[in-house]
file work.txt (compact mmCIF, C-alpha atoms)
# COMPACT_ATOMS: atom_id res chain seq x y z
CA MET A 235 -113.49 65.00 56.42
CA ARG A 236 -111.00 62.30 57.11
CA THR A 237 -107.66 62.67 58.66
CA GLY A 238 -104.90 60.18 58.21
CA GLY A 239 -105.78 59.13 54.67
CA THR A 240 -108.00 56.39 53.30
CA GLY A 241 -106.17 53.43 54.73
CA ARG A 242 -105.95 51.93 51.27
CA PRO A 243 -102.10 51.99 50.92
CA THR A 244 -101.78 49.98 54.12
CA ALA A 245 -104.22 47.36 52.82
CA VAL A 246 -102.36 47.05 49.52
CA ALA A 247 -98.98 46.80 51.26
CA GLY A 248 -100.40 44.22 53.63
CA GLY A 249 -101.73 42.20 50.65
CA TRP A 250 -98.34 42.21 48.95
CA LEU A 251 -96.63 41.22 52.16
CA ALA A 252 -99.01 38.31 52.58
CA LEU A 253 -98.37 37.19 49.00
CA VAL A 254 -94.56 37.38 49.41
CA LEU A 255 -94.70 35.42 52.64
CA ALA A 256 -96.96 32.77 51.10
CA VAL A 257 -94.66 32.29 48.10
CA SER A 258 -91.49 32.25 50.16
CA GLY A 259 -93.05 29.78 52.61
CA ALA A 260 -94.11 27.48 49.78
CA CYS A 261 -90.61 27.54 48.35
CA ALA A 262 -88.74 27.28 51.63
CA GLY A 263 -85.78 24.99 51.08
CA CYS A 264 -86.18 24.90 47.30
CA GLY A 265 -82.45 25.38 46.86
CA ALA A 266 -81.39 22.92 49.54
CA PRO A 267 -82.21 19.22 49.48
CA ASP A 268 -84.22 17.90 52.39
CA SER A 269 -83.01 15.00 54.49
CA GLY A 270 -84.87 12.51 52.26
CA SER A 271 -83.10 13.81 49.15
CA ARG A 272 -79.73 13.67 50.91
CA ALA A 273 -80.37 10.08 51.96
CA ALA A 274 -81.36 9.13 48.42
CA ALA A 275 -78.21 10.80 47.05
CA ALA A 276 -76.07 8.91 49.57
CA ARG A 277 -77.67 5.60 48.56
CA THR A 278 -77.04 6.36 44.90
CA ALA A 279 -73.43 7.31 45.55
CA SER A 280 -72.77 4.15 47.55
CA ALA A 281 -74.41 2.00 44.86
CA ALA A 282 -72.20 3.45 42.13
CA PRO A 283 -69.73 0.94 40.71
CA SER A 284 -66.17 1.17 41.90
CA ALA A 285 -63.31 1.89 39.56
CA THR A 286 -61.81 -1.13 37.80
CA PRO A 287 -58.33 -1.93 39.11
CA PRO A 288 -55.54 -1.42 36.55
CA GLU A 289 -54.53 -5.10 36.62
CA ALA A 290 -58.10 -6.09 35.69
CA LEU A 291 -58.10 -3.64 32.77
CA CYS A 292 -54.72 -4.99 31.70
CA ALA A 293 -56.03 -8.56 31.79
CA ARG A 294 -59.12 -7.60 29.79
CA VAL A 295 -57.10 -5.91 27.04
CA VAL A 296 -54.42 -8.61 26.91
CA THR A 297 -57.08 -11.37 26.77
CA TYR A 298 -58.89 -9.63 23.93
CA TRP A 299 -55.79 -9.19 21.80
CA SER A 300 -54.42 -12.63 22.67
CA ARG A 301 -57.58 -14.20 21.25
CA LYS A 302 -57.22 -12.11 18.09
CA VAL A 303 -53.56 -13.05 17.69
CA LEU A 304 -54.29 -16.75 18.28
CA ASP A 305 -57.02 -16.72 15.64
CA GLY A 306 -54.97 -14.61 13.24
CA HIS A 307 -51.87 -16.82 13.51
CA THR A 308 -49.56 -13.81 13.58
CA TYR A 309 -48.45 -11.22 16.09
CA GLY A 310 -49.35 -7.63 15.36
CA ASP A 311 -47.78 -4.37 16.38
CA TYR A 312 -48.32 -3.75 20.08
CA GLN A 313 -48.71 -0.01 19.58
CA THR A 314 -51.57 -0.42 17.10
CA MET A 315 -53.23 -2.68 19.69
CA GLY A 316 -52.85 0.05 22.30
CA LEU A 317 -50.63 -2.15 24.48
CA SER A 318 -47.51 -1.29 26.36
CA ASN A 319 -44.36 -3.34 25.94
CA GLY A 320 -45.06 -5.07 29.27
CA GLN A 321 -48.59 -6.00 28.22
CA TYR A 322 -47.26 -7.25 24.90
CA ASP A 323 -44.82 -9.53 26.74
CA ILE A 324 -47.75 -10.98 28.67
CA LEU A 325 -49.68 -11.43 25.41
CA ARG A 326 -46.81 -13.28 23.71
CA ASP A 327 -46.44 -15.61 26.67
CA ALA A 328 -50.19 -16.32 26.74
CA VAL A 329 -50.46 -16.88 22.98
CA ASP A 330 -47.41 -19.15 22.80
CA ALA A 331 -48.86 -21.36 25.54
CA ALA A 332 -52.35 -21.21 24.00
CA ARG A 333 -51.14 -22.34 20.57
CA ASP A 334 -49.73 -25.49 22.10
CA ALA A 335 -52.88 -26.04 24.17
CA LYS A 336 -55.07 -25.52 21.11
CA ARG A 337 -53.20 -28.20 19.16
CA ARG A 338 -53.34 -30.71 22.01
CA ARG A 339 -56.65 -30.00 23.76
CA GLY A 340 -58.73 -27.73 21.52
CA ALA A 341 -59.87 -24.13 21.27
CA ALA A 342 -61.76 -24.03 24.59
CA ALA A 343 -58.67 -25.13 26.51
CA ALA A 344 -56.59 -22.53 24.68
CA ASP A 345 -59.09 -19.81 25.56
CA ARG A 346 -59.11 -20.76 29.25
CA LEU A 347 -55.31 -20.71 29.24
CA ILE A 348 -55.25 -17.23 27.68
CA VAL A 349 -57.57 -15.91 30.38
CA ARG A 350 -55.46 -17.46 33.17
CA ARG A 351 -52.13 -16.29 31.74
CA ALA A 352 -53.40 -12.75 31.09
CA ARG A 353 -54.80 -12.43 34.62
CA GLN A 354 -51.69 -13.85 36.27
CA GLY A 355 -49.30 -11.90 34.06
CA CYS A 356 -51.07 -8.59 34.69
CA ARG A 357 -51.41 -9.28 38.41
CA ASP A 358 -47.66 -10.01 38.64
CA TRP A 359 -46.80 -7.01 36.47
CA TYR A 360 -48.77 -4.59 38.65
CA ARG A 361 -47.53 -6.21 41.86
CA THR A 362 -43.99 -5.23 40.86
CA GLY A 363 -44.94 -1.69 39.90
CA GLY A 364 -46.68 -1.96 36.55
CA PRO A 365 -45.86 0.30 33.63
CA SER A 366 -43.32 3.08 33.92
CA ASN A 367 -43.84 6.57 32.61
CA GLY A 368 -42.63 5.67 29.11
CA PRO A 369 -45.13 4.51 26.48
CA TRP A 370 -42.92 1.55 25.57
CA GLN A 371 -42.85 0.09 29.07

call {"tool": "encode", "arguments": {"input": "work.txt", "output": "structure tokens"}}
result
Amino acid sequence: MRTGGTGRPTAVAGGWLALVLAVSGACAGCGAPDSGSRAAAARTASAAPSATPPEALCARVVTYWSRKVLDGHTYGDYQTMGLSNGQYDILRDAVDAARDAKRRRGAAAADRLIVRRARQGCRDWYRTGGPSNGPWQ
């Protein structure tokens, strides 16, 4: 007759313990990135494009609409264009100068002038504070 049991429960418990340790060891760090993953994430973050400055966005929008106005031969409503009053002032200045340039030197010269005037106008506008809080500014 045996005393102390068959020893079988200890073997089963030991088998389960071995399995749990094997699985947890294989998945160690599954939730946390390793140093290689962190380095890759840092490279990706540093390679991400920077935000476009507001004066560059202004110049892009004003240039686009100035070309449309020059080709359309009429000024539109600045609000339907999505422009502020300040951007519309820059547009009118650029288009007035471009119309004269187009007559004297051609469409390519007018387009270059629009780009220059829009960039300079927006740069100056943002240098002095840019738009106010009102939609009409």

call {"tool": "closest_residue", "arguments": {"input": "work.txt", "among": "A:Thr314, A:Arg338, A:Ser300, A:Thr286", "to": "Arg351 of chain A", "atoms": "only C-alpha atoms"}}
result
A:Ser300

call {"tool": "atom_distance", "arguments": {"input": "work.txt", "atom1": "atom CA of Asp345 of chain A", "atom2": "atom CA of Leu291 of chain A"}}
result
17.7 Å

call {"tool": "residues_around", "arguments": {"input": "work.txt", "residues": "segment 303-307 of chain A", "least_positions_apart": "4", "cutoff": "12 Å", "atoms": "all atoms listed in the file", "output": "JSON, numbers by chain"}}
result
{"A": [296, 297, 298, 299, 311, 312, 315, 322, 325, 326, 327, 328, 329, 330, 331, 332, 333, 334, 335, 336, 337, 341, 344, 345, 347, 348]}

call {"tool": "atom_distance", "arguments": {"input": "work.txt", "atom1": "atom CA of Leu317 of chain A", "atom2": "atom CA of Arg346 of chain A"}}
result
21.0 Å

call {"tool": "atom_distance", "arguments": {"input": "work.txt", "atom1": "atom CA of Gly310 of chain A", "atom2": "atom CA of Pro287 of chain A"}}
result
26.0 Å

call {"tool": "closest_residue", "arguments": {"input": "work.txt", "among": "A:Ala342, A:Ala290, A:Ala285, A:Val295", "to": "Asp358 of chain A", "atoms": "only C-alpha atoms"}}
result
A:Ala290
